[in-house]
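Below is the file entry-v1.txt, which contains compact mmCIF, C-alpha atoms and all ligand atoms.
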```txt
# COMPACT_ATOMS: atom_id res chain seq x y z
CA MET A 1275 5.83 28.57 -9.41
CA ILE A 1276 3.24 26.90 -11.65
CA GLY A 1277 3.95 27.52 -15.32
CA ARG A 1278 7.65 27.69 -14.62
CA ILE A 1279 8.20 24.03 -13.89
CA LYS A 1280 11.34 22.86 -15.61
CA THR A 1281 12.55 20.02 -13.42
CA VAL A 1282 10.50 17.37 -11.65
CA GLY A 1283 11.93 15.34 -8.76
CA VAL A 1284 10.56 11.86 -8.13
CA LEU A 1285 10.89 9.62 -5.08
CA THR A 1286 9.51 6.42 -3.56
CA SER A 1287 8.93 6.35 0.19
CA GLY A 1288 7.53 4.24 3.02
CA GLY A 1289 7.03 0.50 2.49
CA ASP A 1290 7.97 -0.74 -0.97
CA ALA A 1291 5.14 -1.96 -3.18
CA PRO A 1292 5.23 -3.91 -6.44
CA GLY A 1293 4.59 -1.49 -9.29
CA MET A 1294 6.63 1.37 -7.84
CA ASN A 1295 9.20 0.82 -10.60
CA ALA A 1296 6.50 0.89 -13.26
CA ALA A 1297 5.30 4.17 -11.75
CA LEU A 1298 8.85 5.61 -11.74
CA ARG A 1299 9.23 4.67 -15.38
CA ALA A 1300 5.93 6.31 -16.30
CA VAL A 1301 6.64 9.50 -14.34
CA THR A 1302 10.12 9.82 -15.82
CA ARG A 1303 9.15 9.18 -19.41
CA SER A 1304 5.95 11.29 -19.33
CA ALA A 1305 7.92 14.14 -17.80
CA ILE A 1306 10.58 13.93 -20.51
CA TYR A 1307 7.86 13.62 -23.17
CA ASN A 1308 6.40 16.90 -21.85
CA GLY A 1309 9.74 18.67 -21.97
CA PHE A 1310 10.68 18.51 -18.28
CA LYS A 1311 13.99 17.45 -16.82
CA VAL A 1312 13.77 14.68 -14.22
CA LYS A 1313 15.77 14.05 -11.07
CA GLY A 1314 15.57 10.79 -9.13
CA ILE A 1315 15.72 11.18 -5.36
CA TYR A 1316 17.10 8.15 -3.49
CA ARG A 1317 15.62 6.63 -0.32
CA GLY A 1318 12.46 8.71 -0.15
CA TYR A 1319 12.55 11.88 1.91
CA ARG A 1320 15.95 10.90 3.28
CA GLY A 1321 17.45 11.51 -0.15
CA LEU A 1322 15.85 14.93 -0.24
CA VAL A 1323 17.17 15.83 3.21
CA GLU A 1324 20.64 14.39 2.53
CA ASP A 1325 20.86 15.47 -1.12
CA GLU A 1326 21.08 12.01 -2.69
CA ILE A 1327 19.71 13.16 -6.02
CA VAL A 1328 20.70 12.22 -9.59
CA ASP A 1329 19.65 13.20 -13.11
CA PHE A 1330 17.25 10.72 -14.64
CA GLU A 1331 17.08 10.05 -18.38
CA ALA A 1332 14.57 7.85 -20.22
CA LYS A 1333 17.16 5.07 -20.36
CA ASP A 1334 17.57 5.07 -16.57
CA VAL A 1335 14.13 3.52 -16.26
CA SER A 1336 14.63 0.88 -18.97
CA GLY A 1337 13.97 -2.75 -18.12
CA ILE A 1338 12.29 -2.07 -14.76
CA ILE A 1339 8.55 -2.34 -15.44
CA HIS A 1340 8.52 -5.99 -14.38
CA ARG A 1341 10.69 -5.62 -11.28
CA GLY A 1342 9.36 -5.54 -7.72
CA GLY A 1343 10.77 -3.16 -5.09
CA THR A 1344 12.04 0.23 -6.21
CA ILE A 1345 15.28 1.09 -8.01
CA LEU A 1346 15.32 4.43 -6.15
CA ARG A 1347 15.18 2.49 -2.86
CA THR A 1348 12.88 3.61 -0.12
CA ALA A 1349 13.25 4.60 3.50
CA ARG A 1350 11.46 5.95 6.50
CA CYS A 1351 12.94 9.34 7.40
CA LYS A 1352 12.48 10.74 10.90
CA GLU A 1353 14.19 14.01 10.06
CA PHE A 1354 11.56 14.89 7.47
CA ARG A 1355 8.99 14.84 10.27
CA THR A 1356 10.72 17.90 11.78
CA PRO A 1357 10.54 21.49 10.45
CA GLU A 1358 14.37 21.58 10.34
CA GLY A 1359 14.47 18.41 8.22
CA ARG A 1360 11.91 19.76 5.79
CA LYS A 1361 13.82 23.05 5.53
CA LYS A 1362 16.94 21.13 4.55
CA ALA A 1363 14.89 19.21 2.01
CA TYR A 1364 13.61 22.47 0.52
CA GLU A 1365 17.13 23.92 0.35
CA ASN A 1366 18.35 20.82 -1.48
CA MET A 1367 15.45 21.10 -3.92
CA GLN A 1368 16.45 24.68 -4.67
CA LYS A 1369 20.11 23.72 -5.02
CA GLN A 1370 19.17 20.95 -7.47
CA GLY A 1371 16.76 23.20 -9.39
CA ILE A 1372 13.78 20.94 -8.67
CA ASP A 1373 10.53 22.90 -9.05
CA ALA A 1374 7.95 20.15 -8.49
CA LEU A 1375 7.79 16.74 -6.84
CA VAL A 1376 6.07 13.46 -7.58
CA VAL A 1377 6.04 11.25 -4.48
CA ILE A 1378 5.08 7.58 -4.57
CA GLY A 1379 4.10 5.95 -1.29
CA GLY A 1380 1.42 5.31 1.30
CA ASP A 1381 -0.52 7.55 3.66
CA GLY A 1382 2.59 8.59 5.63
CA THR A 1383 4.37 9.65 2.47
CA LEU A 1384 1.41 11.70 1.31
CA THR A 1385 0.96 13.23 4.77
CA GLY A 1386 4.60 14.33 4.66
CA ALA A 1387 4.10 15.75 1.16
CA TRP A 1388 1.06 17.70 2.25
CA GLN A 1389 2.89 19.15 5.25
CA PHE A 1390 5.87 20.09 3.04
CA ALA A 1391 3.63 21.70 0.42
CA ARG A 1392 1.91 23.80 3.09
CA GLU A 1393 5.24 25.09 4.45
CA PHE A 1394 6.99 25.76 1.14
CA ASP A 1395 5.53 26.82 -2.17
CA VAL A 1396 6.17 23.50 -3.93
CA PRO A 1397 3.74 21.80 -6.34
CA ILE A 1398 3.49 18.16 -5.33
CA VAL A 1399 1.55 15.28 -6.85
CA GLY A 1400 1.27 11.97 -5.00
CA LEU A 1401 0.81 8.46 -6.31
CA PRO A 1402 -0.78 5.89 -3.98
CA GLY A 1403 1.94 3.23 -3.74
CA THR A 1404 1.09 0.79 -0.97
CA ILE A 1405 -0.06 -2.81 -0.80
CA ASP A 1406 -2.63 -1.90 1.87
CA ASN A 1407 -5.17 -0.25 -0.49
CA ASP A 1408 -6.09 2.07 2.38
CA LEU A 1409 -6.07 5.47 0.68
CA ASN A 1410 -9.29 7.34 0.25
CA GLY A 1411 -10.31 8.52 -3.22
CA THR A 1412 -8.82 5.68 -5.22
CA ASP A 1413 -10.37 2.29 -5.93
CA HIS A 1414 -6.94 0.67 -5.96
CA THR A 1415 -3.42 1.50 -4.84
CA ILE A 1416 -0.29 0.47 -6.72
CA GLY A 1417 0.90 -2.89 -5.35
CA TYR A 1418 -2.38 -4.07 -3.89
CA ASP A 1419 -3.30 -6.41 -6.73
CA THR A 1420 0.12 -8.07 -6.72
CA ALA A 1421 0.05 -8.56 -2.95
CA LEU A 1422 -3.45 -10.01 -3.20
CA ASN A 1423 -2.31 -12.48 -5.84
CA THR A 1424 0.68 -13.46 -3.71
CA ILE A 1425 -1.61 -14.09 -0.75
CA MET A 1426 -3.92 -16.22 -2.91
CA TRP A 1427 -0.93 -18.21 -4.15
CA CYS A 1428 0.20 -18.86 -0.55
CA VAL A 1429 -3.30 -19.81 0.65
CA ASP A 1430 -3.58 -22.36 -2.18
CA ARG A 1431 -0.42 -24.05 -0.99
CA ILE A 1432 -1.26 -23.96 2.69
CA ARG A 1433 -4.65 -25.50 1.89
CA ASP A 1434 -2.95 -28.69 0.69
CA THR A 1435 -1.33 -29.13 4.09
CA ALA A 1436 -4.42 -27.99 5.99
CA ASN A 1437 -6.55 -30.61 4.22
CA SER A 1438 -4.03 -33.38 4.68
CA HIS A 1439 -3.80 -32.86 8.44
CA GLU A 1440 -7.35 -31.65 9.22
CA ARG A 1441 -6.10 -28.52 10.86
CA LEU A 1442 -7.23 -24.99 11.53
CA PHE A 1443 -4.82 -22.52 9.94
CA PHE A 1444 -4.56 -18.84 10.74
CA ILE A 1445 -2.75 -17.03 7.96
CA GLU A 1446 -1.66 -13.54 8.90
CA VAL A 1447 -1.48 -10.89 6.21
CA MET A 1448 -0.55 -7.20 6.25
CA GLY A 1449 -3.13 -4.46 6.81
CA ARG A 1450 -2.84 -3.17 10.34
CA ASP A 1451 -5.70 -0.69 9.98
CA ALA A 1452 -7.44 -1.98 6.90
CA GLY A 1453 -8.75 -5.43 6.07
CA PHE A 1454 -8.72 -5.23 2.27
CA LEU A 1455 -5.95 -7.81 1.84
CA ALA A 1456 -7.36 -10.20 4.45
CA LEU A 1457 -10.94 -10.04 3.23
CA ASN A 1458 -10.33 -10.20 -0.49
CA GLY A 1459 -7.47 -12.66 0.01
CA ALA A 1460 -9.90 -14.88 1.90
CA ILE A 1461 -12.47 -14.73 -0.90
CA ALA A 1462 -9.88 -15.37 -3.60
CA GLY A 1463 -8.31 -18.23 -1.64
CA GLY A 1464 -11.64 -19.85 -0.75
CA ALA A 1465 -10.93 -19.40 2.97
CA GLU A 1466 -13.60 -19.89 5.62
CA ALA A 1467 -13.32 -16.48 7.28
CA ALA A 1468 -11.37 -13.25 7.62
CA ILE A 1469 -10.63 -11.50 10.88
CA ILE A 1470 -10.13 -7.83 10.12
CA PRO A 1471 -9.51 -4.71 12.21
CA GLU A 1472 -12.67 -2.91 11.05
CA ILE A 1473 -14.84 -5.63 12.59
CA SER A 1474 -12.59 -6.74 15.46
CA ILE A 1475 -12.89 -3.39 17.20
CA GLU A 1476 -16.67 -3.94 17.37
CA ASN A 1477 -17.03 -7.71 17.85
CA ASP A 1478 -15.12 -10.74 19.04
CA GLN A 1479 -14.95 -12.36 15.61
CA LEU A 1480 -13.21 -15.50 16.88
CA ALA A 1481 -15.94 -16.25 19.45
CA GLN A 1482 -18.59 -15.57 16.79
CA LEU A 1483 -16.97 -17.94 14.34
CA ILE A 1484 -16.84 -20.75 16.85
CA GLU A 1485 -20.38 -20.09 18.11
CA ASN A 1486 -21.74 -20.13 14.58
CA GLY A 1487 -20.69 -23.75 14.22
CA PHE A 1488 -17.55 -22.90 12.37
CA ARG A 1489 -15.86 -25.91 10.79
CA THR A 1490 -18.43 -28.54 11.72
CA THR A 1491 -18.56 -29.90 8.20
CA LYS A 1492 -14.98 -29.24 7.15
CA ARG A 1493 -11.85 -31.32 7.12
CA SER A 1494 -9.78 -28.21 7.58
CA SER A 1495 -10.26 -24.51 7.86
CA ILE A 1496 -8.30 -21.50 6.74
CA VAL A 1497 -8.88 -18.11 8.31
CA LEU A 1498 -7.11 -15.01 7.05
CA VAL A 1499 -6.14 -12.62 9.82
CA ALA A 1500 -5.05 -9.03 9.34
CA GLU A 1501 -2.11 -8.13 11.58
CA SER A 1502 -3.63 -6.08 14.35
CA PRO A 1503 -2.91 -4.89 17.87
CA VAL A 1504 -6.64 -5.37 18.60
CA THR A 1505 -6.62 -9.15 18.06
CA GLY A 1506 -2.90 -9.80 18.53
CA GLY A 1507 -2.86 -11.05 14.94
CA ALA A 1508 -2.65 -14.73 14.07
CA MET A 1509 -0.39 -15.56 17.05
CA GLY A 1510 -2.73 -13.86 19.52
CA LEU A 1511 -5.77 -15.65 18.10
CA ALA A 1512 -4.02 -19.04 18.04
CA GLU A 1513 -3.11 -18.61 21.69
CA ARG A 1514 -6.75 -17.95 22.47
CA VAL A 1515 -7.84 -21.04 20.54
CA ARG A 1516 -5.37 -23.20 22.47
CA ASN A 1517 -6.70 -21.86 25.77
CA GLU A 1518 -10.42 -21.46 25.03
CA TYR A 1519 -11.15 -24.01 22.29
CA PRO A 1520 -8.58 -26.79 22.73
CA GLN A 1521 -10.56 -29.16 20.48
CA TYR A 1522 -8.98 -27.40 17.48
CA ASP A 1523 -5.53 -28.28 16.18
CA VAL A 1524 -4.39 -24.79 15.25
CA ARG A 1525 -1.41 -23.67 13.19
CA VAL A 1526 -0.14 -20.20 12.23
CA THR A 1527 1.56 -18.89 9.12
CA ILE A 1528 2.65 -15.27 8.98
CA LEU A 1529 3.18 -14.23 5.37
CA GLY A 1530 5.15 -11.11 6.35
CA HIS A 1531 7.45 -9.67 3.72
CA LEU A 1532 6.59 -12.35 1.19
CA GLN A 1533 3.61 -10.13 0.40
CA ARG A 1534 5.62 -7.10 -0.66
CA GLY A 1535 7.98 -8.57 -3.20
CA GLY A 1536 7.69 -10.04 -6.63
CA SER A 1537 6.99 -8.96 -10.14
CA PRO A 1538 3.92 -6.72 -10.39
CA THR A 1539 0.76 -8.12 -11.99
CA ALA A 1540 -0.48 -6.74 -15.31
CA GLN A 1541 -3.12 -4.80 -13.40
CA ASP A 1542 -0.53 -3.11 -11.17
CA ARG A 1543 1.75 -2.30 -14.12
CA ILE A 1544 -1.12 -0.73 -16.03
CA LEU A 1545 -2.36 1.18 -12.98
CA ALA A 1546 1.16 2.45 -12.21
CA SER A 1547 1.74 3.46 -15.83
CA ARG A 1548 -1.54 5.35 -16.05
CA MET A 1549 -1.07 7.02 -12.67
CA GLY A 1550 2.51 8.01 -13.49
CA GLU A 1551 1.39 9.67 -16.70
CA ALA A 1552 -1.55 11.32 -14.92
CA ALA A 1553 0.84 12.79 -12.31
CA ILE A 1554 2.71 14.67 -15.03
CA ASP A 1555 -0.54 15.68 -16.74
CA ALA A 1556 -1.63 17.10 -13.38
CA LEU A 1557 1.52 19.23 -13.13
CA VAL A 1558 1.12 20.41 -16.74
CA GLU A 1559 -2.45 21.44 -15.92
CA GLY A 1560 -1.29 23.42 -12.88
CA GLN A 1561 -2.63 21.00 -10.28
CA ARG A 1562 -0.87 20.75 -6.93
CA ASN A 1563 -1.37 18.93 -3.66
CA VAL A 1564 -3.35 16.17 -5.24
CA MET A 1565 -3.08 12.41 -5.27
CA ILE A 1566 -3.85 10.54 -8.46
CA GLY A 1567 -6.69 8.08 -7.94
CA ASP A 1568 -8.57 5.59 -10.07
CA ASP A 1569 -12.30 6.00 -9.90
CA ASP A 1570 -14.24 3.50 -11.95
CA GLU A 1571 -11.30 3.11 -14.37
CA GLN A 1572 -10.84 6.89 -14.77
CA MET A 1573 -7.78 8.76 -13.53
CA VAL A 1574 -8.87 11.49 -11.09
CA TYR A 1575 -7.18 14.18 -9.02
CA VAL A 1576 -7.91 13.74 -5.32
CA PRO A 1577 -6.92 16.64 -3.03
CA PHE A 1578 -4.56 15.52 -0.27
CA SER A 1579 -7.15 16.78 2.22
CA LYS A 1580 -9.60 14.18 0.91
CA ALA A 1581 -7.15 11.31 0.38
CA LEU A 1582 -5.87 11.66 3.94
CA SER A 1583 -9.07 12.64 5.73
CA SER A 1584 -9.49 10.65 8.94
CA ASP A 1585 -13.24 11.47 9.06
CA ASN A 1586 -13.71 9.92 5.68
CA LYS A 1587 -11.65 6.73 5.80
CA LYS A 1588 -11.86 4.29 2.93
CA THR A 1589 -14.28 1.63 4.05
CA ILE A 1590 -14.38 -2.05 3.43
CA ASP A 1591 -17.45 -3.41 1.67
CA ARG A 1592 -19.08 -5.32 4.52
CA HIS A 1593 -21.22 -7.33 2.10
CA LEU A 1594 -18.03 -9.17 1.22
CA LEU A 1595 -18.00 -10.68 4.72
CA ASP A 1596 -21.46 -12.12 4.00
CA THR A 1597 -20.22 -13.41 0.65
CA LEU A 1598 -17.34 -15.09 2.42
CA SER A 1599 -19.50 -16.77 5.05
CA HIS A 1600 -22.21 -17.82 2.56
CA LEU A 1601 -19.61 -19.51 0.39
CA ALA A 1602 -17.90 -21.24 3.31
CA ILE A 1603 -20.79 -23.56 4.27
P1 LIG B 1 3.18 2.24 3.98
O1 LIG B 1 1.70 2.48 3.80
O2 LIG B 1 3.68 1.19 3.09
O3 LIG B 1 3.59 2.08 5.42
P2 LIG B 1 3.84 5.02 4.16
O4 LIG B 1 4.12 6.02 3.11
O5 LIG B 1 2.56 5.18 4.94
O6 LIG B 1 3.92 3.58 3.48
P3 LIG B 1 5.40 5.85 6.48
O7 LIG B 1 6.59 5.23 7.10
O8 LIG B 1 4.20 6.05 7.33
O9 LIG B 1 5.07 4.96 5.18
O10 LIG B 1 5.81 7.28 5.89
C1 LIG B 1 6.92 7.42 5.02
C2 LIG B 1 7.69 8.65 5.37
O11 LIG B 1 6.86 9.80 5.18
C3 LIG B 1 8.14 8.76 6.82
O12 LIG B 1 9.32 8.02 7.06
C4 LIG B 1 8.38 10.25 6.97
O13 LIG B 1 9.63 10.62 6.41
C5 LIG B 1 7.26 10.84 6.09
N1 LIG B 1 6.13 11.23 6.95
C6 LIG B 1 5.15 10.45 7.42
N2 LIG B 1 4.29 11.16 8.19
C7 LIG B 1 4.75 12.42 8.21
C8 LIG B 1 4.33 13.65 8.82
N3 LIG B 1 3.25 13.70 9.60
N4 LIG B 1 5.06 14.76 8.59
C9 LIG B 1 6.16 14.72 7.82
N5 LIG B 1 6.61 13.61 7.22
C10 LIG B 1 5.93 12.47 7.40
```

Can I see the file as C-alpha cells?
Amino acid sequence: MIGRIKTVGVLTSGGDAPGMNAALRAVTRSAIYNGFKVKGIYRGYRGLVEDEIVDFEAKDVSGIIHRGGTILRTARCKEFRTPEGRKKAYENMQKQGIDALVVIGGDGTLTGAWQFAREFDVPIVGLPGTIDNDLNGTDHTIGYDTALNTIMWCVDRIRDTANSHERLFFIEVMGRDAGFLALNGAIAGGAEAAIIPEISIENDQLAQLIENGFRTTKRSSIVLVAESPVTGGAMGLAERVRNEYPQYDVRVTILGHLQRGGSPTAQDRILASRMGEAAIDALVEGQRNVMIGDDDEQMVYVPFSKALSSDNKKTIDRHLLDTLSHLAI
C-alpha cells in the first residue's frame, strides 16, 4: 500500500488533551502540502466504525491552533476493541478511500492502532496526545505542558488559602499510573511533597512524610497527589490523616477536568505542529506503525512496539523527589 497513499484519515481518541487541535491542523495542512487528500474522522475509532467521516480542507482547520479540546471530538469506543468492530472500521476506510491513518491519543489509542495495523494492511502513524506524559520514546506528549501549567496556576491560588488558615492541603491531579504531573506540578508550584504511584507501590509515602518531621517549620503545607487506587488518591490520604494524624487540619482539592481544558501553551502548540508535520513526513518516507516522539528536541519515529512496551515503561526521574524535598525545608 505504501507509495500509493492518496488519502490520509485523521482522528483524535481517548481523553482530550490541549494541543490536539494544533496537531490536527498540522497533519491536515502538511498532508495537503504533500499532495494528499485528507479526511477527518469524528469521535475517534467510533467515527471509523460508524462511518462519521468528512473531507477536510486546509480551511477546515483555520482558527483552531489556540483552542483546547478537539474539533473532531473524541470518544472511547468499545466496539473497536472487538475484531468485528475493527473489520467494520476497515470496511469504512475502504469505502471512503482512506489509505493511511494518523491517530492522535494516549496509550489506549496507540494500542488500538497497533492491533488494527497488525490485522489489516494499513499504514498508521500515531501522535502522543495525552496530558499524562506516560508514553515511552518521547520526552513530552501533546497536552502535558498545558496541564502542568494549569496545575501550577491552581496550586498558586490554593497556597493563598493554605497559608491564611495554616492548613495541610492535598491537591489531587491526574496520572493514575504515572506521577509526571504530580511531581513536576509540585516542583513548579513550590509544594512540600508529591505522592505518586511509582513510589506508593513500594513505600508508605504519607507515613514517611510525617515521620520525617514534615511541616514542623511551615505555616501550611501543600502536597500533590496523583489519583491512584494504591493510595486512594487525595480523599483516601486525607481520611488516613484524620484517623492517624489528627493534629493536622487537612483539606482536599481534586483538580479533575480542570486539568484537561484550556488554550494550549506555546510549547504544546509547537510540539503538536512539529509532530503533525513529522507524521506526514513519516508516511511520505514509507514508515508505518510508528509513533512520533521528541527526543532531545528532535522528531523521531518510535515503533509502536517500543512506545507501548510494558517491560520498558517511561520512568520518572527519581532525583526530582530529592529536589522537591531539599527545597521544601
Ligand atoms: P488517555 O491516555 O487520555 O486515557 P487513551 O488513548 O489511552 O487516552 P483509552 O480510552 O485507553 O484512551 O483508549 C482510546 C480508545 O482506543 C478506546 O476507547 C478503544 O476504542 C481503543 N483501544 C484501546 N485499547 C485497545 C485495544 N487493546 N484494542 C483495540 N482498541 C483499543

Pick from A:Asp1451, A:Asp1325, A:Glu1365, A:Glu1446, whichever lies nearest to ligand LIG 1 (chain B) using only C-alpha atoms and all ligand atoms:
A:Asp1451

If we count all atoms listed in the file, what is near A:Asn1423 at a cut-off of 9 Å, once residues fewer than 4 positions away on the same chain are taken out, given as number ranges by chain?
A: 1418-1419, 1427-1428, 1459, 1462, 1533, 1539

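Every residue having at least one atom no farther than 6 Å from ligand LIG 1 (chain B) is included below, with all atoms listed in the file taken into account: Ser1287, Gly1288, Gly1289, Tyr1319, Arg1350, Cys1351, Lys1352, Phe1354, Arg1355, Gly1379, Gly1380, Asp1381, Gly1382, Thr1383, Thr1385, Gly1386, Gln1389 and Thr1404 of chain A.
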
Between atom CA of A:Asn1295 and atom CA of A:Val1564, measure the distance and give it in Å to one decimal.
20.5 Å

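Coordinates place atom CA of A:Val1429 at a distance of 24.9 Å from atom CA of A:Met1294.
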
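The gap separating atom CA of A:Arg1360 from atom CA of A:Leu1298 is 22.7 Å, in Å to one decimal.
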
A:Gln1541 surroundings by only C-alpha atoms, 9 Å radius, close-in-sequence under 2 positions cut, as a list in words
Ile1416, Asp1419, Thr1420, Pro1538, Thr1539, Arg1543, Ile1544, Leu1545 and Ala1546 of chain A

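The shortest atom-to-atom distance to A:Ala1296, with all atoms listed in the file taken into account, belongs to A:Gly1550 out of A:Pro1577, A:Gly1550, A:Pro1503, A:Gly1318.
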
Show me, as a VMD selection string, the residues that have an atom within 6 Å of stretch 1438-1444 of chain A when counting all atoms listed in the file, minus same-chain residues fewer than 5 positions from it.
chain A and resid 1493 to 1498 1508 1523 to 1526

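Closest approach to A:Arg1303 from the set A:Glu1518, A:Glu1485, A:Asp1555, A:Asp1406 is made by A:Asp1555, with distances taken over all atoms listed in the file.
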
At the level of C-alpha atoms, write stretch 1514-1568 of chain A to a file as a PDB file, in the first residue's frame, please.
```pdb
ATOM      1  CA  ARG A1514      -5.902   8.432  56.859  1.00  0.00           C
ATOM      2  CA  VAL A1515      -4.617  11.756  58.189  1.00  0.00           C
ATOM      3  CA  ARG A1516      -7.876  12.345  60.063  1.00  0.00           C
ATOM      4  CA  ASN A1517      -7.645   8.897  61.651  1.00  0.00           C
ATOM      5  CA  GLU A1518      -3.896   8.507  62.182  1.00  0.00           C
ATOM      6  CA  TYR A1519      -2.576  12.073  62.499  1.00  0.00           C
ATOM      7  CA  PRO A1520      -5.475  14.146  63.838  1.00  0.00           C
ATOM      8  CA  GLN A1521      -3.146  17.035  64.764  1.00  0.00           C
ATOM      9  CA  TYR A1522      -3.300  18.143  61.114  1.00  0.00           C
ATOM     10  CA  ASP A1523      -6.143  20.242  59.735  1.00  0.00           C
ATOM     11  CA  VAL A1524      -6.402  18.626  56.322  1.00  0.00           C
ATOM     12  CA  ARG A1525      -8.276  19.772  53.223  1.00  0.00           C
ATOM     13  CA  VAL A1526      -8.647  18.216  49.762  1.00  0.00           C
ATOM     14  CA  THR A1527      -8.935  19.745  46.314  1.00  0.00           C
ATOM     15  CA  ILE A1528      -9.413  17.478  43.315  1.00  0.00           C
ATOM     16  CA  LEU A1529      -8.477  19.342  40.147  1.00  0.00           C
ATOM     17  CA  GLY A1530     -10.232  16.807  37.902  1.00  0.00           C
ATOM     18  CA  HIS A1531     -11.234  18.002  34.455  1.00  0.00           C
ATOM     19  CA  LEU A1532      -9.884  21.489  35.049  1.00  0.00           C
ATOM     20  CA  GLN A1533      -6.555  19.979  34.014  1.00  0.00           C
ATOM     21  CA  ARG A1534      -7.633  18.924  30.537  1.00  0.00           C
ATOM     22  CA  GLY A1535      -9.102  22.113  29.169  1.00  0.00           C
ATOM     23  CA  GLY A1536      -7.790  25.471  28.148  1.00  0.00           C
ATOM     24  CA  SER A1537      -5.749  27.031  25.441  1.00  0.00           C
ATOM     25  CA  PRO A1538      -2.525  25.117  24.766  1.00  0.00           C
ATOM     26  CA  THR A1539       0.781  26.670  25.817  1.00  0.00           C
ATOM     27  CA  ALA A1540       3.299  27.792  23.199  1.00  0.00           C
ATOM     28  CA  GLN A1541       5.306  24.668  23.943  1.00  0.00           C
ATOM     29  CA  ASP A1542       2.336  22.370  23.264  1.00  0.00           C
ATOM     30  CA  ARG A1543       1.391  24.226  20.073  1.00  0.00           C
ATOM     31  CA  ILE A1544       4.938  23.972  18.759  1.00  0.00           C
ATOM     32  CA  LEU A1545       5.246  20.308  19.751  1.00  0.00           C
ATOM     33  CA  ALA A1546       1.881  19.476  18.147  1.00  0.00           C
ATOM     34  CA  SER A1547       2.778  21.374  14.967  1.00  0.00           C
ATOM     35  CA  ARG A1548       6.135  19.650  14.636  1.00  0.00           C
ATOM     36  CA  MET A1549       4.709  16.222  15.419  1.00  0.00           C
ATOM     37  CA  GLY A1550       1.825  16.690  12.981  1.00  0.00           C
ATOM     38  CA  GLU A1551       4.225  17.562  10.198  1.00  0.00           C
ATOM     39  CA  ALA A1552       6.527  14.671  11.164  1.00  0.00           C
ATOM     40  CA  ALA A1553       3.573  12.244  10.949  1.00  0.00           C
ATOM     41  CA  ILE A1554       3.064  13.119   7.287  1.00  0.00           C
ATOM     42  CA  ASP A1555       6.818  13.047   6.620  1.00  0.00           C
ATOM     43  CA  ALA A1556       6.813   9.540   8.108  1.00  0.00           C
ATOM     44  CA  LEU A1557       4.087   8.401   5.688  1.00  0.00           C
ATOM     45  CA  VAL A1558       5.901  10.011   2.744  1.00  0.00           C
ATOM     46  CA  GLU A1559       9.051   8.125   3.756  1.00  0.00           C
ATOM     47  CA  GLY A1560       7.155   4.821   3.870  1.00  0.00           C
ATOM     48  CA  GLN A1561       7.140   4.489   7.656  1.00  0.00           C
ATOM     49  CA  ARG A1562       4.277   2.646   9.327  1.00  0.00           C
ATOM     50  CA  ASN A1563       3.333   1.571  12.824  1.00  0.00           C
ATOM     51  CA  VAL A1564       5.369   4.273  14.443  1.00  0.00           C
ATOM     52  CA  MET A1565       4.633   6.969  16.963  1.00  0.00           C
ATOM     53  CA  ILE A1566       6.234  10.364  16.541  1.00  0.00           C
ATOM     54  CA  GLY A1567       8.354  11.253  19.560  1.00  0.00           C
ATOM     55  CA  ASP A1568      10.522  14.158  20.616  1.00  0.00           C
TER      56      ASP A1568
END
```
